[in-house]
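Okay, start25.pdb now, which holds PDB, C-alpha atoms and all ligand atoms:
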ATOM      1  CA  MET A   1      22.926   9.522 -22.798
ATOM      2  CA  PRO A   2      20.156  11.381 -20.938
ATOM      3  CA  ALA A   3      18.310   9.540 -18.193
ATOM      4  CA  ARG A   4      15.038   7.719 -18.677
ATOM      5  CA  ILE A   5      12.350   9.884 -17.063
ATOM      6  CA  LEU A   6      10.194   7.856 -14.674
ATOM      7  CA  ASP A   7       6.635   9.075 -15.125
ATOM      8  CA  GLY A   8       4.789   8.826 -11.787
ATOM      9  CA  VAL A   9       1.457   9.750 -13.369
ATOM     10  CA  ALA A  10       1.657   6.777 -15.763
ATOM     11  CA  ILE A  11       2.855   4.373 -13.044
ATOM     12  CA  ALA A  12       0.054   5.544 -10.717
ATOM     13  CA  ARG A  13      -2.394   4.800 -13.549
ATOM     14  CA  HIS A  14      -1.059   1.183 -13.685
ATOM     15  CA  ILE A  15      -1.501   0.921  -9.902
ATOM     16  CA  TYR A  16      -5.132   2.103 -10.120
ATOM     17  CA  ALA A  17      -5.802  -0.361 -12.976
ATOM     18  CA  SER A  18      -4.339  -3.207 -10.889
ATOM     19  CA  LEU A  19      -6.703  -2.324  -8.019
ATOM     20  CA  VAL A  20      -9.894  -2.561 -10.107
ATOM     21  CA  PRO A  21     -10.124  -6.410 -10.121
ATOM     22  CA  ARG A  22      -9.173  -6.563  -6.408
ATOM     23  CA  ILE A  23     -11.973  -4.103  -5.562
ATOM     24  CA  ALA A  24     -14.418  -6.079  -7.745
ATOM     25  CA  ALA A  25     -13.453  -9.326  -5.954
ATOM     26  CA  LEU A  26     -14.066  -7.683  -2.568
ATOM     27  CA  LYS A  27     -17.475  -6.395  -3.705
ATOM     28  CA  LEU A  28     -18.422  -9.932  -4.794
ATOM     29  CA  ARG A  29     -17.769 -10.948  -1.180
ATOM     30  CA  GLY A  30     -20.024  -8.115   0.019
ATOM     31  CA  VAL A  31     -17.116  -5.890   1.076
ATOM     32  CA  HIS A  32     -17.094  -2.322  -0.296
ATOM     33  CA  PRO A  33     -13.685  -0.817   0.622
ATOM     34  CA  GLY A  34     -14.004   2.521   2.433
ATOM     35  CA  LEU A  35     -11.621   5.313   3.448
ATOM     36  CA  ALA A  36     -12.180   8.200   5.874
ATOM     37  CA  ALA A  37      -9.979  11.304   5.927
ATOM     38  CA  LEU A  38     -10.104  13.602   8.948
ATOM     39  CA  GLN A  39      -8.987  17.210   8.491
ATOM     40  CA  ILE A  40      -8.626  19.462  11.515
ATOM     41  CA  GLY A  41      -8.451  23.200  10.870
ATOM     42  CA  ASP A  42      -8.436  24.985   7.547
ATOM     43  CA  ASN A  43      -4.994  24.492   6.029
ATOM     44  CA  ALA A  44      -5.606  25.220   2.332
ATOM     45  CA  ALA A  45      -3.091  22.638   1.081
ATOM     46  CA  SER A  46      -4.636  19.972   3.342
ATOM     47  CA  ARG A  47      -8.046  20.746   1.871
ATOM     48  CA  ILE A  48      -6.673  20.101  -1.622
ATOM     49  CA  TYR A  49      -4.928  16.878  -0.517
ATOM     50  CA  VAL A  50      -8.135  15.554   1.087
ATOM     51  CA  ARG A  51     -10.136  16.478  -2.019
ATOM     52  CA  ASN A  52      -7.616  14.625  -4.246
ATOM     53  CA  LYS A  53      -7.804  11.529  -2.034
ATOM     54  CA  VAL A  54     -11.619  11.523  -2.091
ATOM     55  CA  ARG A  55     -11.567  11.971  -5.876
ATOM     56  CA  ALA A  56      -9.128   9.052  -6.297
ATOM     57  CA  CYS A  57     -11.465   6.858  -4.198
ATOM     58  CA  THR A  58     -14.445   7.770  -6.373
ATOM     59  CA  GLU A  59     -12.506   7.046  -9.565
ATOM     60  CA  VAL A  60     -11.633   3.475  -8.536
ATOM     61  CA  GLY A  61     -14.980   2.757  -6.868
ATOM     62  CA  ILE A  62     -14.019   3.035  -3.204
ATOM     63  CA  TYR A  63     -16.412   4.528  -0.651
ATOM     64  CA  SER A  64     -14.998   7.635   1.079
ATOM     65  CA  GLU A  65     -15.877  10.100   3.810
ATOM     66  CA  ALA A  66     -14.205  13.475   4.465
ATOM     67  CA  HIS A  67     -14.556  14.625   8.086
ATOM     68  CA  HIS A  68     -13.695  18.060   9.365
ATOM     69  CA  LEU A  69     -13.166  19.497  12.850
ATOM     70  CA  ASP A  70     -12.455  23.127  13.745
ATOM     71  CA  ALA A  71      -8.871  24.178  14.486
ATOM     72  CA  ASP A  72      -9.781  25.026  18.094
ATOM     73  CA  CYS A  73     -11.443  21.667  18.846
ATOM     74  CA  SER A  74     -10.272  19.733  21.896
ATOM     75  CA  GLU A  75      -8.040  16.684  21.686
ATOM     76  CA  ALA A  76     -10.868  14.718  23.344
ATOM     77  CA  ALA A  77     -13.160  15.632  20.427
ATOM     78  CA  VAL A  78     -10.586  14.367  17.916
ATOM     79  CA  LEU A  79     -10.059  11.141  19.860
ATOM     80  CA  LYS A  80     -13.830  10.579  19.989
ATOM     81  CA  THR A  81     -14.113  11.066  16.211
ATOM     82  CA  LEU A  82     -11.210   8.699  15.539
ATOM     83  CA  GLU A  83     -12.649   6.028  17.823
ATOM     84  CA  LYS A  84     -15.958   6.293  15.956
ATOM     85  CA  LEU A  85     -14.179   5.910  12.614
ATOM     86  CA  ASN A  86     -12.168   2.950  13.975
ATOM     87  CA  ARG A  87     -15.405   1.188  14.926
ATOM     88  CA  ASN A  88     -17.267   1.912  11.661
ATOM     89  CA  PRO A  89     -17.392  -1.384   9.692
ATOM     90  CA  GLN A  90     -17.920   0.546   6.428
ATOM     91  CA  LEU A  91     -14.371   1.923   6.770
ATOM     92  CA  HIS A  92     -11.141  -0.013   6.128
ATOM     93  CA  GLY A  93      -8.828   3.010   6.087
ATOM     94  CA  VAL A  94      -8.676   6.007   8.426
ATOM     95  CA  ILE A  95      -6.236   8.896   7.966
ATOM     96  CA  VAL A  96      -5.574  12.135   9.797
ATOM     97  CA  GLN A  97      -4.467  14.812   7.355
ATOM     98  CA  LEU A  98      -1.270  16.522   8.547
ATOM     99  CA  PRO A  99      -0.183  19.100   9.603
ATOM    100  CA  LEU A 100      -2.360  19.553  12.679
ATOM    101  CA  PRO A 101      -3.161  22.911  14.279
ATOM    102  CA  PRO A 102      -0.887  23.848  17.198
ATOM    103  CA  GLY A 103      -2.006  22.447  20.545
ATOM    104  CA  LEU A 104      -2.891  18.976  19.252
ATOM    105  CA  ASN A 105      -0.528  16.115  19.962
ATOM    106  CA  ALA A 106      -0.028  14.521  16.528
ATOM    107  CA  GLN A 107       1.608  11.374  17.879
ATOM    108  CA  ARG A 108      -1.185  10.691  20.372
ATOM    109  CA  LEU A 109      -3.789  11.090  17.620
ATOM    110  CA  LEU A 110      -1.908   9.025  15.025
ATOM    111  CA  GLN A 111      -1.422   6.212  17.545
ATOM    112  CA  THR A 112      -5.215   6.150  18.114
ATOM    113  CA  VAL A 113      -5.905   5.061  14.532
ATOM    114  CA  ASP A 114      -6.579   1.298  14.561
ATOM    115  CA  MET A 115      -3.431  -0.400  13.228
ATOM    116  CA  ASP A 116      -5.530  -2.490  10.800
ATOM    117  CA  LYS A 117      -7.055   0.705   9.327
ATOM    118  CA  ASP A 118      -3.867   2.802   9.523
ATOM    119  CA  VAL A 119      -3.480   3.168   5.747
ATOM    120  CA  ASP A 120      -0.942   5.997   6.187
ATOM    121  CA  GLY A 121       1.268   3.495   8.045
ATOM    122  CA  PHE A 122       2.148   5.998  10.802
ATOM    123  CA  ASN A 123       1.033   3.851  13.751
ATOM    124  CA  TRP A 124       4.077   2.565  15.705
ATOM    125  CA  ALA A 125       2.781  -1.000  15.373
ATOM    126  CA  ASN A 126       2.974  -0.680  11.576
ATOM    127  CA  LEU A 127       6.360   1.082  11.663
ATOM    128  CA  GLY A 128       7.567  -1.733  13.960
ATOM    129  CA  ALA A 129       6.324  -4.341  11.474
ATOM    130  CA  LEU A 130       8.387  -2.563   8.799
ATOM    131  CA  VAL A 131      11.515  -2.705  10.997
ATOM    132  CA  ASP A 132      10.918  -6.451  11.422
ATOM    133  CA  ALA A 133      10.096  -6.945   7.690
ATOM    134  CA  ARG A 134       6.655  -8.287   8.618
ATOM    135  CA  LYS A 135       3.248  -7.772   7.072
ATOM    136  CA  GLY A 136       1.842  -4.388   8.100
ATOM    137  CA  LEU A 137       0.643  -1.216   6.425
ATOM    138  CA  VAL A 138       3.606   0.728   5.004
ATOM    139  CA  PRO A 139       3.717   4.557   4.654
ATOM    140  CA  CYS A 140       2.471   5.587   1.213
ATOM    141  CA  THR A 141       5.325   7.734  -0.142
ATOM    142  CA  PRO A 142       7.973   5.067   0.597
ATOM    143  CA  LEU A 143       5.715   2.427  -0.995
ATOM    144  CA  GLY A 144       5.394   4.711  -4.018
ATOM    145  CA  VAL A 145       9.181   5.010  -4.308
ATOM    146  CA  MET A 146       9.511   1.207  -4.323
ATOM    147  CA  ALA A 147       6.729   0.885  -6.912
ATOM    148  CA  ILE A 148       8.566   3.336  -9.195
ATOM    149  CA  LEU A 149      11.826   1.354  -8.895
ATOM    150  CA  ASP A 150       9.973  -1.920  -9.561
ATOM    151  CA  ASP A 151       7.989  -0.537 -12.486
ATOM    152  CA  ALA A 152      11.246   0.506 -14.171
ATOM    153  CA  GLY A 153      12.834  -2.897 -13.440
ATOM    154  CA  ILE A 154      15.642  -1.291 -11.412
ATOM    155  CA  ALA A 155      17.567  -3.964  -9.486
ATOM    156  CA  ILE A 156      17.619  -3.406  -5.710
ATOM    157  CA  GLU A 157      19.212  -6.499  -4.178
ATOM    158  CA  GLY A 158      22.947  -6.064  -3.663
ATOM    159  CA  ARG A 159      22.887  -2.439  -4.860
ATOM    160  CA  HIS A 160      24.146   0.510  -2.834
ATOM    161  CA  ALA A 161      21.295   2.894  -2.058
ATOM    162  CA  VAL A 162      21.756   6.301  -0.459
ATOM    163  CA  VAL A 163      18.724   7.935   1.162
ATOM    164  CA  ILE A 164      18.967  11.646   2.008
ATOM    165  CA  GLY A 165      16.475  12.318   4.828
ATOM    166  CA  ARG A 166      15.637  10.314   7.940
ATOM    167  CA  SER A 167      12.073  11.246   8.927
ATOM    168  CA  PRO A 168      10.157   8.160  10.148
ATOM    169  CA  SER A 169       7.403   8.390   7.540
ATOM    170  CA  VAL A 170       9.639   9.173   4.549
ATOM    171  CA  GLY A 171      13.458   8.747   4.563
ATOM    172  CA  LYS A 172      13.756   6.156   7.345
ATOM    173  CA  SER A 173      10.865   4.067   5.981
ATOM    174  CA  ILE A 174      12.352   4.145   2.460
ATOM    175  CA  ALA A 175      15.695   3.001   3.924
ATOM    176  CA  LEU A 176      13.976   0.105   5.732
ATOM    177  CA  LEU A 177      12.117  -1.005   2.592
ATOM    178  CA  LEU A 178      15.382  -0.968   0.635
ATOM    179  CA  ILE A 179      17.197  -2.941   3.368
ATOM    180  CA  ASN A 180      14.318  -5.449   3.441
ATOM    181  CA  ARG A 181      14.794  -5.921  -0.324
ATOM    182  CA  GLY A 182      18.523  -6.613   0.027
ATOM    183  CA  ALA A 183      20.097  -3.235  -0.757
ATOM    184  CA  THR A 184      23.067  -1.898   1.187
ATOM    185  CA  VAL A 185      21.784   1.417   2.489
ATOM    186  CA  THR A 186      23.481   4.616   3.620
ATOM    187  CA  VAL A 187      21.164   7.125   5.305
ATOM    188  CA  CYS A 188      22.265  10.770   5.138
ATOM    189  CA  HIS A 189      20.692  13.674   7.023
ATOM    190  CA  SER A 190      21.275  17.223   8.190
ATOM    191  CA  LYS A 191      24.257  16.181  10.372
ATOM    192  CA  THR A 192      25.960  14.087   7.684
ATOM    193  CA  ARG A 193      29.477  15.143   6.808
ATOM    194  CA  ASP A 194      30.533  14.904   3.194
ATOM    195  CA  LEU A 195      27.092  14.335   1.693
ATOM    196  CA  VAL A 196      28.550  14.718  -1.807
ATOM    197  CA  ASN A 197      30.871  11.717  -1.480
ATOM    198  CA  HIS A 198      28.201   9.470   0.043
ATOM    199  CA  ALA A 199      25.655  10.363  -2.634
ATOM    200  CA  ALA A 200      28.127   9.977  -5.491
ATOM    201  CA  ARG A 201      28.576   6.273  -4.618
ATOM    202  CA  ALA A 202      24.869   5.461  -4.891
ATOM    203  CA  ASP A 203      23.440   3.083  -7.478
ATOM    204  CA  ILE A 204      20.047   4.262  -6.197
ATOM    205  CA  LEU A 205      19.876   7.809  -4.842
ATOM    206  CA  ILE A 206      16.747   8.886  -2.976
ATOM    207  CA  ALA A 207      16.442  12.600  -2.147
ATOM    208  CA  ALA A 208      13.944  13.292   0.657
ATOM    209  CA  ALA A 209      15.298  16.357   2.445
ATOM    210  CA  GLY A 210      12.955  19.126   1.317
ATOM    211  CA  ARG A 211      15.822  21.353   0.109
ATOM    212  CA  ALA A 212      15.562  22.617  -3.466
ATOM    213  CA  GLY A 213      18.747  22.069  -5.470
ATOM    214  CA  LEU A 214      20.466  20.032  -2.714
ATOM    215  CA  VAL A 215      21.431  17.211  -5.090
ATOM    216  CA  THR A 216      23.818  18.568  -7.689
ATOM    217  CA  VAL A 217      25.193  16.686 -10.683
ATOM    218  CA  ASP A 218      28.491  15.857  -8.917
ATOM    219  CA  MET A 219      26.434  13.804  -6.423
ATOM    220  CA  VAL A 220      25.028  11.557  -9.154
ATOM    221  CA  LYS A 221      26.961   8.448 -10.152
ATOM    222  CA  PRO A 222      26.753   7.927 -13.930
ATOM    223  CA  GLY A 223      23.829   5.595 -14.654
ATOM    224  CA  ALA A 224      22.319   5.837 -11.148
ATOM    225  CA  ALA A 225      18.572   5.756 -10.457
ATOM    226  CA  VAL A 226      17.635   9.112  -8.902
ATOM    227  CA  ILE A 227      14.288   9.326  -7.113
ATOM    228  CA  ASP A 228      13.343  12.819  -6.003
ATOM    229  CA  VAL A 229      10.824  12.808  -3.135
ATOM    230  CA  GLY A 230      11.296  16.482  -2.210
ATOM    231  CA  ILE A 231       8.564  19.028  -2.830
ATOM    232  CA  ASN A 232       9.693  22.638  -2.521
ATOM    233  CA  ARG A 233       7.792  25.813  -3.396
ATOM    234  CA  LEU A 234      10.201  28.239  -5.107
ATOM    235  CA  ALA A 235      10.054  32.030  -4.814
ATOM    236  CA  ASP A 236       8.386  32.230  -8.240
ATOM    237  CA  GLY A 237       5.604  29.908  -7.023
ATOM    238  CA  LYS A 238       6.801  26.897  -9.036
ATOM    239  CA  LEU A 239       7.316  23.439  -7.495
ATOM    240  CA  ALA A 240      10.752  21.841  -7.469
ATOM    241  CA  GLY A 241      12.280  18.726  -5.989
ATOM    242  CA  ASP A 242      15.590  18.359  -4.138
ATOM    243  CA  VAL A 243      17.511  17.431  -7.286
ATOM    244  CA  ALA A 244      18.962  19.901  -9.805
ATOM    245  CA  PHE A 245      16.976  18.088 -12.479
ATOM    246  CA  ALA A 246      18.371  19.439 -15.768
ATOM    247  CA  ALA A 247      22.025  18.617 -15.046
ATOM    248  CA  ALA A 248      21.320  15.420 -13.067
ATOM    249  CA  SER A 249      19.207  13.999 -15.878
ATOM    250  CA  GLU A 250      22.254  14.138 -18.186
ATOM    251  CA  GLN A 251      24.217  11.932 -15.766
ATOM    252  CA  ALA A 252      21.625   9.557 -14.228
ATOM    253  CA  GLY A 253      20.292   6.346 -15.774
ATOM    254  CA  TRP A 254      16.761   6.984 -14.505
ATOM    255  CA  ILE A 255      15.276  10.036 -12.817
ATOM    256  CA  THR A 256      11.882  11.190 -11.488
ATOM    257  CA  PRO A 257      10.635  14.715 -12.262
ATOM    258  CA  VAL A 258       8.932  17.070  -9.777
ATOM    259  CA  PRO A 259       6.044  17.465 -10.224
ATOM    260  CA  GLY A 260       4.895  14.214 -11.850
ATOM    261  CA  GLY A 261       7.237  11.735 -10.147
ATOM    262  CA  VAL A 262       6.751  10.492  -6.582
ATOM    263  CA  GLY A 263       3.834  12.865  -5.810
ATOM    264  CA  PRO A 264       1.093  11.062  -7.800
ATOM    265  CA  MET A 265       2.326   7.727  -6.396
ATOM    266  CA  THR A 266       1.585   8.748  -2.816
ATOM    267  CA  VAL A 267      -2.183   8.983  -3.371
ATOM    268  CA  ALA A 268      -2.159   5.805  -5.497
ATOM    269  CA  MET A 269      -0.458   3.883  -2.678
ATOM    270  CA  LEU A 270      -2.964   5.251  -0.136
ATOM    271  CA  ILE A 271      -5.750   3.759  -2.230
ATOM    272  CA  ALA A 272      -3.733   0.526  -2.639
ATOM    273  CA  ASN A 273      -3.263   0.362   1.154
ATOM    274  CA  THR A 274      -7.021   0.832   1.655
ATOM    275  CA  VAL A 275      -7.723  -2.116  -0.651
ATOM    276  CA  THR A 276      -5.069  -4.189   1.154
ATOM    277  CA  ALA A 277      -6.594  -3.259   4.524
ATOM    278  CA  ALA A 278     -10.078  -4.234   3.302
ATOM    279  CA  GLU A 279      -8.753  -7.608   2.058
ATOM    280  CA  ARG A 280      -6.998  -8.318   5.357
ATOM    281  CA  ILE A 281     -10.015  -7.287   7.460
ATOM    282  CA  ALA A 282     -12.278  -9.461   5.265
ATOM    283  CA  ASP A 283      -9.871 -12.435   5.575
ATOM    284  CA  ALA A 284      -9.329 -12.111   9.333
ATOM    285  CA  PRO A 285     -10.878 -14.923  11.370
ATOM    286  CA  LYS A 286     -14.145 -13.734  12.910
ATOM    287  CA  LEU A 287     -14.585 -14.116  16.646
ATOM    288  CA  PRO A 288     -17.683 -16.107  17.597
ATOM    289  CA  ALA A 289     -20.518 -13.905  18.861
ATOM    290  CA  ALA A 290     -20.411 -13.402  22.631
ATOM    291  CA  VAL A 291     -22.901 -15.542  24.549
TER     292      VAL A 291
HETATM  293  P1  LIG B 301      11.293  16.353   7.293
HETATM  294  O1  LIG B 301      11.540  17.819   7.389
HETATM  295  O2  LIG B 301      10.566  15.640   8.374
HETATM  296  O3  LIG B 301      12.699  15.616   7.120
HETATM  297  C1  LIG B 301      13.709  16.122   6.284
HETATM  298  C2  LIG B 301      14.949  15.271   6.431
HETATM  299  O4  LIG B 301      15.936  15.790   5.579
HETATM  300  C3  LIG B 301      15.519  15.296   7.847
HETATM  301  O5  LIG B 301      15.814  13.961   8.231
HETATM  302  C4  LIG B 301      16.800  16.114   7.736
HETATM  303  O6  LIG B 301      17.838  15.623   8.584
HETATM  304  C5  LIG B 301      17.176  15.940   6.265
HETATM  305  N1  LIG B 301      17.864  17.125   5.744
HETATM  306  C6  LIG B 301      17.442  18.411   5.793
HETATM  307  N2  LIG B 301      18.364  19.225   5.230
HETATM  308  C7  LIG B 301      19.379  18.423   4.813
HETATM  309  C8  LIG B 301      20.609  18.678   4.187
HETATM  310  N3  LIG B 301      20.985  19.916   3.846
HETATM  311  N4  LIG B 301      21.403  17.618   3.911
HETATM  312  C9  LIG B 301      21.037  16.363   4.242
HETATM  313  N5  LIG B 301      19.880  16.078   4.847
HETATM  314  C10 LIG B 301      19.053  17.092   5.130
HETATM  315  O7  LIG B 301      10.562  16.136   5.886
HETATM  316  P2  LIG B 301       9.799  14.838   5.335
HETATM  317  O8  LIG B 301       8.418  14.815   5.840
HETATM  318  O9  LIG B 301      10.659  13.654   5.494
HETATM  319  O10 LIG B 301       9.724  15.217   3.790
HETATM  320  C11 LIG B 301      10.899  15.364   3.018
HETATM  321  C12 LIG B 301      10.549  15.984   1.689
HETATM  322  O11 LIG B 301       9.687  15.095   0.994
HETATM  323  C13 LIG B 301       9.794  17.314   1.790
HETATM  324  O12 LIG B 301      10.158  18.128   0.704
HETATM  325  C14 LIG B 301       8.339  16.896   1.643
HETATM  326  O13 LIG B 301       7.534  17.932   1.121
HETATM  327  C15 LIG B 301       8.495  15.784   0.648
HETATM  328  N6  LIG B 301       7.401  14.812   0.663
HETATM  329  C16 LIG B 301       6.905  14.482  -0.531
HETATM  330  C17 LIG B 301       5.876  13.575  -0.595
HETATM  331  C18 LIG B 301       5.359  13.205  -1.936
HETATM  332  O14 LIG B 301       4.218  12.721  -2.034
HETATM  333  N7  LIG B 301       6.127  13.390  -2.997
HETATM  334  C19 LIG B 301       5.346  13.013   0.565
HETATM  335  C20 LIG B 301       5.923  13.338   1.789
HETATM  336  C21 LIG B 301       6.963  14.253   1.823
END
How would this structure read if it were set down as structure tokens?
Ligand code: NAD
Amino acid sequence: MPARILDGVAIARHIYASLVPRIAALKLRGVHPGLAALQIGDNAASRIYVRNKVRACTEVGIYSEAHHLDADCSEAAVLKTLEKLNRNPQLHGVIVQLPLPPGLNAQRLLQTVDMDKDVDGFNWANLGALVDARKGLVPCTPLGVMAILDDAGIAIEGRHAVVIGRSPSVGKSIALLLINRGATVTVCHSKTRDLVNHAARADILIAAAGRAGLVTVDMVKPGAAVIDVGINRLADGKLAGDVAFAAASEQAGWITPVPGGVGPMTVAMLIANTVTAAERIADAPKLPAAV
């Protein structure tokens, strides 16, 4: 039987709908959630991503600001902008759109974002909270993967999950979320020997390598949940994931398409993180005014 296709656009719509009452409750308390996106340089794809994020904010009633600095700006100028955004009480989320122009130290800049406003979840304090299964802000794509699994009612606890890819913000964070939910997790990467055999034992197979066609049907256990995080631009200009979709969807129990699977979830989870950040900032005990 062909797999059930997991529709990320529809699931993202449920996420946005679930945020509406939370945003309304914050507004009743006088808190209007706000997100700032900082783009440095003129990467065309980044411009589109920032525009999509701003549009998503507008659609759910979140305040947003798009900031731009020239590609040849100094690191000091970026740090100054980020510190200003960190201090702005109208903002509960601050993101730096990647990739950065050469010459800027991405890690130094990402670590400057206030951990309470780090709605991309890239700050080491938030990644550390994820390692320790504590409350923090979790990277958006991994959160989106978990939301897809949960929306479909796919059991995680006690299942064997295989994650292909080990980048901190994608593969490794997905692996940590799955471990924290009780899965037994195998992480595969570019140095893994015998990828096929590892993958073929997965109840939940997550492909996050950025290699079109890497996951072939012999790597899919019958009935497995296959979540394709990869986004690859093919020679003909079309987008494809890491999974050979047509054949894999005959073998899997559930599968995400590309486009229309994990992609739309990433922006939805950014907005969800901004609402979460606004709630936590609003609930945090206020220090008495200095005398
Ligand atoms: P990355 O390049 O930082 O990491 C890729 C990982 O894949 C590495 O850990 C590497 O070891 C592993 N890998 C590469 N080739 C492999 C192979 N042949 N076999 C096994 N492992 C291999 O990339 P990333 O930032 O983690 O992103 C991964 C993919 O997910 C990319 O296609 C990216 O575009 C996509 N992505 C999608 C979204 C989304 O919203 N859907 C968000 C972020 C990233």
**Q.** All residues 6 Å or closer to segment 68-76 of chain A, all atoms listed in the file, same chain fewer than 4 positions away omitted, as JSON, numbers by chain
**A.** {"A": [38, 39, 40, 41, 101]}
(Q) What would the selection look like, as number ranges by chain, if the PyMOL selection byres (((chain A and resi 227) around 6) and not hetatm) were run on the coordinates I just shared? (A) A: 206, 226, 228, 255-256
Q: Could you tell me, counting all atoms listed in the file, which protein and nucleic acid residues lie no more than 7 Å from ligand LIG 301 (chain B), written as a PyMOL selection string?
A: chain A and resi 141+164-167+169-171+188-192+195+208-211+214+229-232+262-266
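Picked by the PyMOL selection byres (((chain A and resi 117) around 8) and not hetatm) from the coordinates shown: Asn86, Leu91, His92, Gly93, Val94, Val113, Asp114, Met115, Asp116, Asp118, Val119, Thr274 and Ala277 of chain A.
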Q) Where does the PyMOL selection byres (((chain A and resi 150-157) around 8) and not hetatm) land in this file, that is, which residues does it pick, as a list in words? A)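 Matching residues under the PyMOL selection byres (((chain A and resi 150-157) around 8) and not hetatm) are Leu6, Ile11, Met146, Ala147, Ile148, Leu149, Gly158, Arg159, Leu178, Arg181, Gly182, Ala183 and Ala225 of chain A.
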Q. In terms of the shortest atom-to-atom distance over all atoms listed in the file, which of A:Leu28, A:Val60, A:Ala45, A:Val20 is closest to Leu98 of chain A?
A.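 Among A:Leu28, A:Val60, A:Ala45, A:Val20, it is A:Ala45 that comes nearest to Leu98 of chain A.
If you look at atom CA of Ser249 of chain A and atom CA of Asn197 of chain A, they are 18.7 Å away from each other.
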Q) In Å to one decimal, how far is atom CA of Gly144 of chain A from atom CA of Pro259 of chain A? A) 14.2 Å
(Q) From (-9.3, 7.3, -3.9), in the file's coordinates, out to 9 Å: which residues are reached, counting all atoms listed in the file? Answer as a count of residues only. (A) 20
Q. So which residues are close to (27.2, 13.2, -0.8), meaning at most 10 Å away in the file's coordinates with all atoms listed in the file counted, and can you show them as a list of chain:residue names?
A.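 Final list of nearby residues, as requested, is A:Val162, A:Ile164, A:Cys188, A:Thr192, A:Arg193, A:Asp194, A:Leu195, A:Val196, A:Asn197, A:His198, A:Ala199, A:Ala200, A:Arg201, A:Ala202, A:Leu205, A:Leu214, A:Val215, A:Thr216, A:Asp218, A:Met219, A:Val220.
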Q: Select, from A:Ala207, A:Val31, A:Ala37, A:Leu130, the residue with the minimum atom-to-atom distance to Asp283 of chain A, counting only C-alpha atoms.
A: A:Val31
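Atom CA of Lys172 of chain A sits 22.7 Å away from atom CA of Ala12 of chain A.
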